>>> print(open('model_24.cif').read())   # mmCIF, C-alpha atoms
data_run
#
loop_
_atom_site.label_atom_id
_atom_site.label_comp_id
_atom_site.auth_asym_id
_atom_site.auth_seq_id
_atom_site.Cartn_x
_atom_site.Cartn_y
_atom_site.Cartn_z
CA MET J 635 -21.65 -24.37 -47.86
CA ALA J 636 -24.14 -21.96 -49.36
CA LEU J 637 -23.44 -18.29 -48.74
CA SER J 638 -26.12 -16.40 -46.89
CA LEU J 639 -24.87 -12.81 -46.61
CA PRO J 640 -24.77 -10.09 -49.29
CA ILE J 641 -21.45 -9.64 -51.10
CA LEU J 642 -20.02 -6.16 -51.71
CA ASP J 643 -17.00 -5.40 -53.89
CA PHE J 644 -14.85 -2.70 -52.28
CA SER J 645 -13.02 -2.04 -55.55
CA GLN J 646 -16.18 -0.37 -56.90
CA LEU J 647 -15.18 2.73 -54.95
CA ASP J 648 -12.25 3.18 -57.35
CA ALA J 649 -14.12 2.28 -60.56
CA GLY J 650 -15.70 5.66 -61.35
CA GLU J 651 -18.46 7.72 -59.77
CA ALA J 652 -21.34 5.57 -61.04
CA GLU J 653 -19.81 2.41 -59.56
CA ALA J 654 -18.94 4.20 -56.31
CA THR J 655 -22.49 5.51 -55.99
CA ALA J 656 -23.87 2.02 -56.57
CA PHE J 657 -21.54 0.61 -53.92
CA ARG J 658 -22.63 3.20 -51.35
CA ALA J 659 -26.31 2.55 -52.08
CA GLU J 660 -25.88 -1.20 -51.63
CA LEU J 661 -23.79 -0.68 -48.50
CA LEU J 662 -26.60 1.39 -47.02
CA ARG J 663 -29.26 -1.15 -47.97
CA VAL J 664 -27.55 -4.24 -46.58
CA THR J 665 -26.52 -2.62 -43.31
CA HIS J 666 -30.04 -1.30 -42.78
CA GLU J 667 -31.64 -4.67 -43.52
CA VAL J 668 -29.02 -7.22 -42.39
CA GLY J 669 -26.08 -5.50 -40.67
CA PHE J 670 -23.60 -8.08 -42.02
CA PHE J 671 -21.97 -8.61 -45.42
CA TYR J 672 -18.96 -10.12 -47.18
CA LEU J 673 -16.39 -7.61 -48.46
CA THR J 674 -14.33 -8.58 -51.51
CA GLY J 675 -11.96 -6.46 -53.59
CA HIS J 676 -10.42 -4.89 -50.48
CA GLY J 677 -6.82 -5.06 -51.65
CA VAL J 678 -5.29 -6.65 -48.55
CA ASP J 679 -2.30 -8.72 -49.63
CA PRO J 680 -3.22 -12.44 -49.57
CA GLN J 681 0.29 -13.13 -48.28
CA LEU J 682 -0.37 -10.96 -45.23
CA ARG J 683 -3.56 -12.92 -44.53
CA LYS J 684 -1.62 -16.19 -44.78
CA GLU J 685 1.13 -14.87 -42.50
CA LEU J 686 -1.39 -13.77 -39.89
CA LEU J 687 -3.16 -17.13 -39.82
CA ALA J 688 0.17 -18.98 -39.73
CA VAL J 689 1.62 -16.94 -36.86
CA SER J 690 -1.70 -17.28 -35.03
CA ARG J 691 -1.37 -21.06 -35.14
CA GLU J 692 2.24 -20.77 -33.96
CA PHE J 693 1.07 -18.73 -31.00
CA PHE J 694 -1.60 -21.21 -29.93
CA ASP J 695 0.91 -24.05 -30.34
CA LEU J 696 3.21 -22.48 -27.74
CA PRO J 697 3.50 -24.36 -24.44
CA ALA J 698 0.76 -23.44 -21.99
CA GLU J 699 3.21 -21.89 -19.54
CA GLN J 700 4.43 -19.44 -22.21
CA LYS J 701 0.91 -18.38 -23.09
CA LEU J 702 -0.06 -18.02 -19.43
CA LYS J 703 2.84 -15.58 -18.90
CA LEU J 704 0.74 -13.28 -21.09
CA GLU J 705 -2.57 -14.03 -19.40
CA ASN J 706 -4.85 -11.01 -19.19
CA ILE J 707 -5.01 -11.27 -15.40
CA HIS J 708 -1.63 -9.52 -15.57
CA SER J 709 -3.06 -6.61 -17.59
CA PRO J 710 -5.30 -3.90 -16.11
CA GLN J 711 -6.12 -3.10 -19.75
CA PHE J 712 -7.56 -6.61 -20.39
CA ARG J 713 -4.84 -7.26 -23.00
CA GLY J 714 -3.02 -10.49 -23.63
CA TYR J 715 -4.03 -14.13 -23.49
CA THR J 716 -7.37 -15.53 -22.34
CA ARG J 717 -7.40 -19.26 -21.60
CA VAL J 718 -10.24 -21.51 -22.80
CA GLY J 719 -13.33 -20.74 -20.75
CA GLY J 720 -11.89 -17.45 -19.49
CA GLU J 721 -14.47 -15.11 -21.02
CA LEU J 722 -18.21 -14.71 -20.64
CA THR J 723 -20.80 -13.62 -23.20
CA ALA J 724 -24.46 -13.23 -22.20
CA ASN J 725 -23.45 -14.57 -18.76
CA ALA J 726 -22.29 -17.90 -20.18
CA VAL J 727 -18.80 -19.31 -20.75
CA ASP J 728 -17.24 -18.93 -24.20
CA TRP J 729 -15.27 -22.00 -25.30
CA ARG J 730 -12.26 -20.37 -26.96
CA GLU J 731 -8.75 -19.13 -26.28
CA GLN J 732 -7.48 -15.82 -27.63
CA ILE J 733 -5.00 -12.99 -27.45
CA ASP J 734 -6.20 -9.37 -27.43
CA ILE J 735 -3.98 -6.86 -29.21
CA GLY J 736 -4.71 -3.15 -29.06
CA VAL J 737 -2.55 -0.08 -29.63
CA ASP J 738 0.59 0.08 -27.47
CA ARG J 739 0.35 3.24 -25.36
CA GLU J 740 1.48 4.41 -21.94
CA PRO J 741 -1.08 3.84 -19.19
CA VAL J 742 -3.05 6.90 -18.12
CA PRO J 743 -2.35 7.70 -14.44
CA ARG J 744 -5.40 7.46 -12.22
CA ALA J 745 -6.36 10.75 -10.63
CA ALA J 746 -9.42 12.46 -9.24
CA GLY J 747 -11.65 13.51 -12.11
CA THR J 748 -10.03 11.21 -14.68
CA PRO J 749 -12.74 9.15 -16.39
CA ASP J 750 -12.55 5.47 -15.49
CA TYR J 751 -12.43 4.40 -19.13
CA TRP J 752 -8.85 5.68 -19.47
CA ARG J 753 -7.87 2.57 -17.50
CA LEU J 754 -8.18 0.71 -20.81
CA GLU J 755 -5.23 2.56 -22.38
CA GLY J 756 -1.89 0.80 -22.00
CA PRO J 757 0.57 -1.71 -23.44
CA ASN J 758 0.04 -5.04 -25.11
CA LEU J 759 1.51 -8.29 -23.82
CA TRP J 760 3.72 -9.91 -26.48
CA PRO J 761 5.30 -13.40 -26.53
CA GLU J 762 9.08 -13.08 -26.37
CA SER J 763 9.57 -16.34 -28.26
CA LEU J 764 7.39 -15.26 -31.19
CA PRO J 765 8.36 -11.70 -32.25
CA GLU J 766 6.73 -12.27 -35.63
CA LEU J 767 3.32 -11.97 -33.98
CA LYS J 768 3.91 -8.32 -33.12
CA THR J 769 5.21 -7.49 -36.59
CA VAL J 770 2.28 -9.09 -38.42
CA ALA J 771 -0.42 -7.92 -36.00
CA LEU J 772 0.65 -4.28 -36.19
CA ARG J 773 0.67 -4.43 -40.00
CA TRP J 774 -2.80 -5.96 -39.82
CA ASN J 775 -4.11 -3.14 -37.63
CA GLU J 776 -2.72 -0.59 -40.08
CA GLU J 777 -4.14 -2.24 -43.20
CA LEU J 778 -7.60 -2.80 -41.80
CA SER J 779 -7.80 0.70 -40.36
CA ARG J 780 -7.37 2.02 -43.89
CA ILE J 781 -10.26 -0.09 -45.17
CA ALA J 782 -12.50 0.68 -42.20
CA LEU J 783 -12.10 4.45 -42.53
CA ARG J 784 -12.98 4.32 -46.24
CA LEU J 785 -16.08 2.30 -45.39
CA LEU J 786 -17.13 4.86 -42.80
CA ARG J 787 -16.71 7.63 -45.37
CA ALA J 788 -18.86 5.65 -47.82
CA TRP J 789 -21.58 5.27 -45.18
CA ALA J 790 -21.41 8.98 -44.38
CA LEU J 791 -22.08 9.96 -48.00
CA ALA J 792 -24.80 7.33 -48.37
CA LEU J 793 -26.52 8.74 -45.27
CA GLY J 794 -26.46 12.26 -46.67
CA SER J 795 -23.73 13.56 -44.35
CA PRO J 796 -20.31 15.09 -45.12
CA GLU J 797 -17.80 12.41 -46.10
CA ASN J 798 -15.53 13.29 -43.16
CA VAL J 799 -18.22 13.38 -40.47
CA PHE J 800 -16.66 10.42 -38.60
CA ASP J 801 -12.99 11.31 -39.21
CA ALA J 802 -12.45 13.27 -36.00
CA ALA J 803 -13.48 10.29 -33.87
CA PHE J 804 -10.52 8.32 -35.25
CA ALA J 805 -7.99 11.11 -35.86
CA GLU J 806 -6.19 10.79 -32.51
CA ASN J 807 -5.78 7.67 -30.38
CA PRO J 808 -8.44 5.42 -31.92
CA PHE J 809 -9.12 2.40 -29.71
CA LEU J 810 -8.33 -0.34 -32.22
CA LEU J 811 -8.43 -3.98 -31.16
CA THR J 812 -7.54 -7.23 -32.88
CA LYS J 813 -8.55 -10.51 -31.28
CA ILE J 814 -6.79 -13.64 -32.49
CA VAL J 815 -9.10 -16.48 -31.50
CA ARG J 816 -8.91 -20.25 -31.54
CA TYR J 817 -12.06 -22.33 -31.07
CA PRO J 818 -11.22 -25.91 -29.98
CA GLY J 819 -13.42 -28.74 -31.16
CA GLN J 820 -16.17 -30.07 -28.93
CA PRO J 821 -17.91 -33.48 -28.87
CA GLU J 822 -21.30 -31.75 -28.96
CA ARG J 823 -22.53 -28.42 -30.31
CA ALA J 824 -21.39 -25.81 -27.78
CA GLN J 825 -21.06 -22.05 -27.35
CA GLY J 826 -17.88 -20.70 -28.89
CA VAL J 827 -19.16 -17.17 -28.33
CA GLY J 828 -22.65 -16.43 -27.07
CA GLU J 829 -25.08 -14.20 -28.89
CA HIS J 830 -24.16 -10.53 -28.76
CA ARG J 831 -23.89 -7.30 -30.70
CA ASP J 832 -20.46 -5.74 -31.15
CA GLY J 833 -20.11 -2.68 -28.97
CA GLY J 834 -17.89 -0.54 -31.18
CA VAL J 835 -18.25 0.99 -34.62
CA LEU J 836 -17.18 -1.57 -37.20
CA THR J 837 -15.81 -5.13 -37.27
CA LEU J 838 -13.87 -6.86 -40.05
CA LEU J 839 -13.53 -10.61 -39.52
CA LEU J 840 -11.00 -12.97 -41.09
CA VAL J 841 -11.80 -16.67 -40.79
CA GLU J 842 -9.78 -19.67 -41.86
CA PRO J 843 -11.07 -21.08 -45.16
CA ASN J 844 -13.71 -23.81 -44.94
CA LYS J 845 -14.32 -23.31 -41.22
CA ASP J 846 -17.94 -22.53 -40.39
CA GLY J 847 -19.58 -21.78 -37.04
CA LEU J 848 -20.65 -18.14 -37.31
CA GLN J 849 -24.39 -17.48 -37.25
CA VAL J 850 -26.21 -14.17 -37.78
CA GLU J 851 -29.73 -13.35 -36.59
CA HIS J 852 -32.03 -12.12 -39.37
CA ASP J 853 -35.80 -11.66 -39.13
CA GLY J 854 -35.98 -13.81 -36.01
CA GLU J 855 -34.00 -16.72 -37.47
CA TRP J 856 -30.35 -17.75 -37.19
CA ILE J 857 -28.57 -18.08 -40.54
CA ASP J 858 -25.15 -19.59 -41.17
CA ALA J 859 -22.40 -17.27 -42.40
CA PRO J 860 -19.55 -19.51 -43.63
CA PRO J 861 -16.30 -17.86 -44.74
CA LEU J 862 -15.93 -16.71 -48.34
CA ASP J 863 -12.38 -17.24 -49.57
CA GLY J 864 -10.43 -13.99 -49.61
CA ALA J 865 -13.30 -11.91 -48.20
CA PHE J 866 -13.90 -10.29 -44.85
CA VAL J 867 -17.12 -10.71 -42.96
CA VAL J 868 -18.08 -7.15 -42.00
CA ASN J 869 -20.63 -5.99 -39.46
CA ILE J 870 -21.47 -2.75 -37.74
CA GLY J 871 -21.49 -2.21 -33.99
CA GLU J 872 -23.66 -0.35 -31.55
CA MET J 873 -21.84 2.97 -31.95
CA LEU J 874 -22.81 3.19 -35.63
CA GLU J 875 -26.35 2.18 -34.74
CA LEU J 876 -26.32 4.98 -32.18
CA ALA J 877 -25.05 7.51 -34.73
CA THR J 878 -27.98 6.71 -37.03
CA ASP J 879 -30.71 6.25 -34.39
CA GLY J 880 -30.98 2.63 -35.39
CA TYR J 881 -31.25 3.13 -39.14
CA LEU J 882 -28.11 1.02 -39.45
CA LYS J 883 -28.44 -2.31 -37.68
CA ALA J 884 -26.07 -3.78 -35.10
CA THR J 885 -26.99 -7.42 -35.50
CA LEU J 886 -26.97 -10.26 -33.01
CA HIS J 887 -24.50 -13.01 -33.87
CA ARG J 888 -22.93 -16.05 -32.23
CA VAL J 889 -20.32 -18.74 -32.89
CA PHE J 890 -20.54 -22.47 -32.27
CA SER J 891 -17.52 -24.62 -31.55
CA PRO J 892 -16.25 -26.83 -34.38
CA LYS J 893 -16.59 -30.57 -34.25
CA ASP J 894 -14.36 -32.68 -32.06
CA GLY J 895 -10.98 -33.30 -33.69
CA SER J 896 -11.00 -29.93 -35.42
CA ASP J 897 -10.50 -26.31 -34.45
CA ARG J 898 -11.01 -22.87 -35.97
CA ILE J 899 -8.92 -19.70 -36.10
CA SER J 900 -10.71 -16.39 -36.57
CA VAL J 901 -9.40 -12.84 -36.30
CA PRO J 902 -11.92 -10.05 -35.70
CA PHE J 903 -10.60 -6.49 -36.04
CA PHE J 904 -12.61 -3.87 -34.16
CA PHE J 905 -12.42 -0.31 -35.52
CA ASN J 906 -13.33 1.87 -32.58
CA PRO J 907 -12.94 5.59 -31.89
CA ALA J 908 -10.92 7.25 -29.17
CA LEU J 909 -12.23 6.39 -25.72
CA ASP J 910 -13.36 9.95 -25.02
CA THR J 911 -15.32 10.21 -28.28
CA VAL J 912 -19.04 10.84 -28.21
CA MET J 913 -20.28 9.53 -31.54
CA PRO J 914 -21.83 12.20 -33.77
CA ARG J 915 -25.58 11.83 -34.18
CA LEU J 916 -26.32 12.19 -37.88
CA GLN J 917 -29.21 14.25 -39.18
CA LEU J 918 -30.95 11.87 -41.56
CA ASP J 919 -33.29 13.09 -44.24
CA GLU J 920 -36.95 12.22 -43.85
CA SER J 921 -36.86 9.21 -46.19
CA LEU J 922 -34.27 7.56 -43.90
CA SER J 923 -35.32 8.91 -40.51
CA ARG J 924 -38.82 7.45 -40.77
CA GLU J 925 -37.20 3.99 -41.07
CA ALA J 926 -34.86 4.52 -38.12
CA ARG J 927 -35.67 1.95 -35.43
CA GLY J 928 -34.07 3.52 -32.39
CA LEU J 929 -31.50 1.71 -30.28
CA SER J 930 -31.38 -2.03 -29.64
CA ALA J 931 -31.02 -3.60 -26.22
CA ASP J 932 -28.30 -6.20 -25.93
CA PRO J 933 -29.16 -9.78 -24.86
CA THR J 934 -28.76 -8.85 -21.18
CA ASN J 935 -30.90 -5.72 -21.66
CA SER J 936 -28.05 -3.32 -20.93
CA PRO J 937 -28.74 -0.11 -22.84
CA ILE J 938 -26.19 1.53 -25.11
CA LEU J 939 -24.68 4.41 -23.15
CA GLU J 940 -25.07 7.64 -25.11
CA THR J 941 -21.90 9.12 -23.62
CA ALA J 942 -18.22 8.61 -24.44
CA TYR J 943 -17.40 5.39 -26.26
CA GLY J 944 -15.06 4.46 -23.40
CA ASP J 945 -17.99 4.18 -20.98
CA ASN J 946 -19.38 1.38 -23.14
CA ALA J 947 -16.01 -0.26 -23.77
CA LEU J 948 -15.14 -0.43 -20.07
CA ARG J 949 -18.54 -1.85 -19.18
CA TYR J 950 -18.15 -4.63 -21.77
CA ARG J 951 -14.70 -5.59 -20.51
CA LEU J 952 -15.70 -5.66 -16.85
CA ARG J 953 -18.62 -7.90 -17.70
CA ALA J 954 -16.71 -10.27 -19.99
CA HIS J 955 -13.63 -10.76 -17.77
CA PRO J 956 -14.76 -10.76 -14.13
CA ASN J 957 -11.39 -12.16 -12.96
CA VAL J 958 -9.48 -9.19 -14.41
CA ALA J 959 -12.13 -6.82 -13.11
CA ALA J 960 -11.78 -8.21 -9.59
CA ALA J 961 -7.97 -8.11 -9.68
CA HIS J 962 -7.54 -4.58 -11.03
CA HIS J 963 -10.85 -2.71 -10.86
CA ALA J 964 -12.62 -3.91 -7.73
CA ASP J 965 -13.59 -0.32 -6.93
CA LEU J 966 -15.80 -0.28 -10.04
CA LEU J 967 -17.72 -3.46 -9.29
#
>>> encode(input="model_24.cif", output="C-alpha cells")
Amino acid sequence: MALSLPILDFSQLDAGEAEATAFRAELLRVTHEVGFFYLTGHGVDPQLRKELLAVSREFFDLPAEQKLKLENIHSPQFRGYTRVGGELTANAVDWREQIDIGVDREPVPRAAGTPDYWRLEGPNLWPESLPELKTVALRWNEELSRIALRLLRAWALALGSPENVFDAAFAENPFLLTKIVRYPGQPERAQGVGEHRDGGVLTLLLVEPNKDGLQVEHDGEWIDAPPLDGAFVVNIGEMLELATDGYLKATLHRVFSPKDGSDRISVPFFFNPALDTVMPRLQLDESLSREARGLSADPTNSPILETAYGDNALRYRLRAHPNVAAAHHADLL
C-alpha cells in the first residue's frame, strides 16, 4: 500500500536547534495544507503498543454478556462499551464496536448554574475479568499525553506564539479519551465511521499493521491513509482550527469496514483540554493570518461553538449516542 500522508520524525525535536526548527516548520506546513501526517520517532515502547493491541483483542473476544455489562447505556458520561451499530456519525450508523476510556473522576453533582458539560466527568467502566485493560490503557493515556503536549508546544512556536500558550488548557483535569475500536468485516464496502472532523484538539491514532480503511479528504478527493509500521497517524481537531482561525486544518476523514472474514483494531487517543477551557485565540503574524481560512462547518453544518470546549464535547456525544442521551439527558434534547 502506497503511503499518502507526509511523514514527520518526532526525534528531530531532540537533535539540535536546526533540526527542531525544521521539524516545526514542516509540522506547520503539513497541518495547514493537509491536517494529517504520520509521526515516527516518538519513543513509545513497541512492547506497550503490542500489549495494547493484544489486550484490545482479548476484550473484544469476551462473551457478549460480559461486554454488555459495560455498555455505555449504563454511563451518564458515555463511557464503556458500544455494541456494533450503536453509534452514529453524520446521521448514519457506524459499523464498529468499541470501549471509551477517559480519566476516572468523581461525577460532578448537578446543581442550578452548573454548566451541562460537567455531566461528562465521571468514572470509566472496566471489565472485571480483564484487569490488564485498565493497566495498559492508563499507561497509554500517560504516554500519549506527553507526546501530544510536546506537539502543541512545537505548533505554538511555529505559529509565533509563546511555547506554553496552550499549557494552561491541559494543566488541570484535561478531558483525555482513548477509544479502542474493532471494525468487523463486511461483505460489501460499508461505513465503519462516517465522514467527520474530530471535535477536540489533537488525535493520535494507532492502527494494527497492514489494516487499511482510513481515508482523508484532500483538495476535494478522498485519499487512502494505510498504517505505517510503528508510526501514529496524527490529525488536528476543531479546537486547534478555532485557535488559529482556520490556519491549521481540521480535516474530514472516514473509515470503511474491512473485507468479510477480516476485522481491524484501531485506537484513537484524543488530547482534549479541560471541559471549562475556552481555547486561546492566537495572534498570527500577517504572513500567516492572510492564509487563515476561518472555521469549517462539519458535515451536518453544525458550527464550532466558540465557548468552553465542554459545550462542543457534550453536543457531539448527545448526537452520536442518542440512546444514552435519552436515558440520562432527556432534559437536554
>>> resolve_selection(input="model_24.cif", expression="the PyMOL selection byres ((chain J and resi 938) around 12)", output="number ranges by chain")
J: 831-834, 871-877, 879-880, 884, 913, 928-937, 939-947, 949-950
>>> residues_around(input="model_24.cif", residues="Leu967 in chain J", least_positions_apart="3", cutoff="12 Å", atoms="all atoms listed in the file", output="short mmCIF file (atom, residue, chain, number, x, y, z; two decimals) with C-alpha atoms, in the coordinates of the input")
data_model
loop_
_atom_site.label_atom_id
_atom_site.label_comp_id
_atom_site.auth_asym_id
_atom_site.auth_seq_id
_atom_site.Cartn_x
_atom_site.Cartn_y
_atom_site.Cartn_z
CA LEU J 948 -15.14 -0.43 -20.07
CA ARG J 949 -18.54 -1.85 -19.18
CA ARG J 951 -14.70 -5.59 -20.51
CA LEU J 952 -15.70 -5.66 -16.85
CA ARG J 953 -18.62 -7.90 -17.70
CA HIS J 955 -13.63 -10.76 -17.77
CA PRO J 956 -14.76 -10.76 -14.13
CA ASN J 957 -11.39 -12.16 -12.96
CA VAL J 958 -9.48 -9.19 -14.41
CA ALA J 959 -12.13 -6.82 -13.11
CA ALA J 960 -11.78 -8.21 -9.59
CA ALA J 961 -7.97 -8.11 -9.68
CA HIS J 962 -7.54 -4.58 -11.03
CA HIS J 963 -10.85 -2.71 -10.86
CA ALA J 964 -12.62 -3.91 -7.73
#
>>> atom_distance(input="model_24.cif", atom1="CA of Phe890 in chain J", atom2="CA of Ser690 in chain J")
19.7 Å
>>> resolve_selection(input="model_24.cif", expression="the PyMOL selection byres ((chain J and resi 797) around 12)", output="ChimeraX atom specification")
/J:658,783-796,798-802,916
>>> closest_residue(input="model_24.cif", among="J:Leu909, J:Val718, J:Leu673, J:Leu696", to="Thr837 in chain J", atoms="only C-alpha atoms")
J:Leu673
>>> residues_near_point(input="model_24.cif", point="(-3.1, -16.9, -43.2)", cutoff="12 Å", atoms="only C-alpha atoms", output="compact mmCIF listing (two decimals) with C-alpha atoms, in the frame of the given file")
# COMPACT_ATOMS: atom_id res chain seq x y z
CA VAL J 678 -5.29 -6.65 -48.55
CA ASP J 679 -2.30 -8.72 -49.63
CA PRO J 680 -3.22 -12.44 -49.57
CA GLN J 681 0.29 -13.13 -48.28
CA LEU J 682 -0.37 -10.96 -45.23
CA ARG J 683 -3.56 -12.92 -44.53
CA LYS J 684 -1.62 -16.19 -44.78
CA GLU J 685 1.13 -14.87 -42.50
CA LEU J 686 -1.39 -13.77 -39.89
CA LEU J 687 -3.16 -17.13 -39.82
CA ALA J 688 0.17 -18.98 -39.73
CA VAL J 689 1.62 -16.94 -36.86
CA SER J 690 -1.70 -17.28 -35.03
CA ARG J 691 -1.37 -21.06 -35.14
CA GLU J 692 2.24 -20.77 -33.96
CA VAL J 770 2.28 -9.09 -38.42
CA ALA J 771 -0.42 -7.92 -36.00
CA TRP J 774 -2.80 -5.96 -39.82
CA ILE J 814 -6.79 -13.64 -32.49
CA LEU J 840 -11.00 -12.97 -41.09
CA VAL J 841 -11.80 -16.67 -40.79
CA GLU J 842 -9.78 -19.67 -41.86
CA PRO J 843 -11.07 -21.08 -45.16
CA ASP J 863 -12.38 -17.24 -49.57
CA GLY J 864 -10.43 -13.99 -49.61
CA ILE J 899 -8.92 -19.70 -36.10
CA SER J 900 -10.71 -16.39 -36.57
CA VAL J 901 -9.40 -12.84 -36.30
>>> build_atoms(input="model_24.cif", residues="range 881-894 of chain J", atoms="N, CA, C and O atoms", output="mmCIF file, in the coordinates of the input")
data_model
loop_
_atom_site.group_PDB
_atom_site.id
_atom_site.type_symbol
_atom_site.label_atom_id
_atom_site.label_comp_id
_atom_site.auth_asym_id
_atom_site.auth_seq_id
_atom_site.Cartn_x
_atom_site.Cartn_y
_atom_site.Cartn_z
ATOM 1 N N TYR J 881 -31.029 3.398 -37.715
ATOM 2 C CA TYR J 881 -31.250 3.130 -39.140
ATOM 3 C C TYR J 881 -30.299 2.032 -39.607
ATOM 4 O O TYR J 881 -30.692 1.110 -40.334
ATOM 5 N N LEU J 882 -29.031 2.114 -39.219
ATOM 6 C CA LEU J 882 -28.110 1.020 -39.450
ATOM 7 C C LEU J 882 -28.212 0.042 -38.293
ATOM 8 O O LEU J 882 -28.399 0.435 -37.145
ATOM 9 N N LYS J 883 -28.053 -1.231 -38.600
ATOM 10 C CA LYS J 883 -28.440 -2.310 -37.680
ATOM 11 C C LYS J 883 -27.226 -3.020 -37.111
ATOM 12 O O LYS J 883 -26.456 -3.629 -37.859
ATOM 13 N N ALA J 884 -27.050 -2.935 -35.796
ATOM 14 C CA ALA J 884 -26.070 -3.780 -35.100
ATOM 15 C C ALA J 884 -26.745 -5.109 -34.808
ATOM 16 O O ALA J 884 -27.704 -5.173 -34.042
ATOM 17 N N THR J 885 -26.262 -6.156 -35.440
ATOM 18 C CA THR J 885 -26.990 -7.420 -35.500
ATOM 19 C C THR J 885 -26.458 -8.436 -34.503
ATOM 20 O O THR J 885 -25.241 -8.598 -34.344
ATOM 21 N N LEU J 886 -27.357 -9.150 -33.863
ATOM 22 C CA LEU J 886 -26.970 -10.260 -33.010
ATOM 23 C C LEU J 886 -26.250 -11.335 -33.828
ATOM 24 O O LEU J 886 -26.659 -11.660 -34.941
ATOM 25 N N HIS J 887 -25.192 -11.888 -33.235
ATOM 26 C CA HIS J 887 -24.500 -13.010 -33.870
ATOM 27 C C HIS J 887 -23.880 -13.885 -32.787
ATOM 28 O O HIS J 887 -23.799 -13.495 -31.626
ATOM 29 N N ARG J 888 -23.500 -15.091 -33.169
ATOM 30 C CA ARG J 888 -22.930 -16.050 -32.230
ATOM 31 C C ARG J 888 -22.032 -17.010 -33.003
ATOM 32 O O ARG J 888 -22.074 -17.068 -34.240
ATOM 33 N N VAL J 889 -21.218 -17.761 -32.275
ATOM 34 C CA VAL J 889 -20.320 -18.740 -32.890
ATOM 35 C C VAL J 889 -20.433 -20.050 -32.130
ATOM 36 O O VAL J 889 -20.380 -20.065 -30.890
ATOM 37 N N PHE J 890 -20.567 -21.145 -32.871
ATOM 38 C CA PHE J 890 -20.540 -22.470 -32.270
ATOM 39 C C PHE J 890 -19.167 -23.101 -32.450
ATOM 40 O O PHE J 890 -18.458 -22.835 -33.425
ATOM 41 N N SER J 891 -18.794 -23.914 -31.472
ATOM 42 C CA SER J 891 -17.520 -24.620 -31.550
ATOM 43 C C SER J 891 -17.516 -25.578 -32.737
ATOM 44 O O SER J 891 -18.553 -26.135 -33.098
ATOM 45 N N PRO J 892 -16.333 -25.808 -33.331
ATOM 46 C CA PRO J 892 -16.250 -26.830 -34.380
ATOM 47 C C PRO J 892 -16.364 -28.229 -33.799
ATOM 48 O O PRO J 892 -16.386 -28.413 -32.573
ATOM 49 N N LYS J 893 -16.445 -29.183 -34.688
ATOM 50 C CA LYS J 893 -16.590 -30.570 -34.250
ATOM 51 C C LYS J 893 -15.314 -31.068 -33.593
ATOM 52 O O LYS J 893 -14.222 -30.577 -33.850
ATOM 53 N N ASP J 894 -15.487 -32.064 -32.741
ATOM 54 C CA ASP J 894 -14.360 -32.680 -32.060
ATOM 55 C C ASP J 894 -13.322 -33.148 -33.068
ATOM 56 O O ASP J 894 -13.670 -33.690 -34.120
#
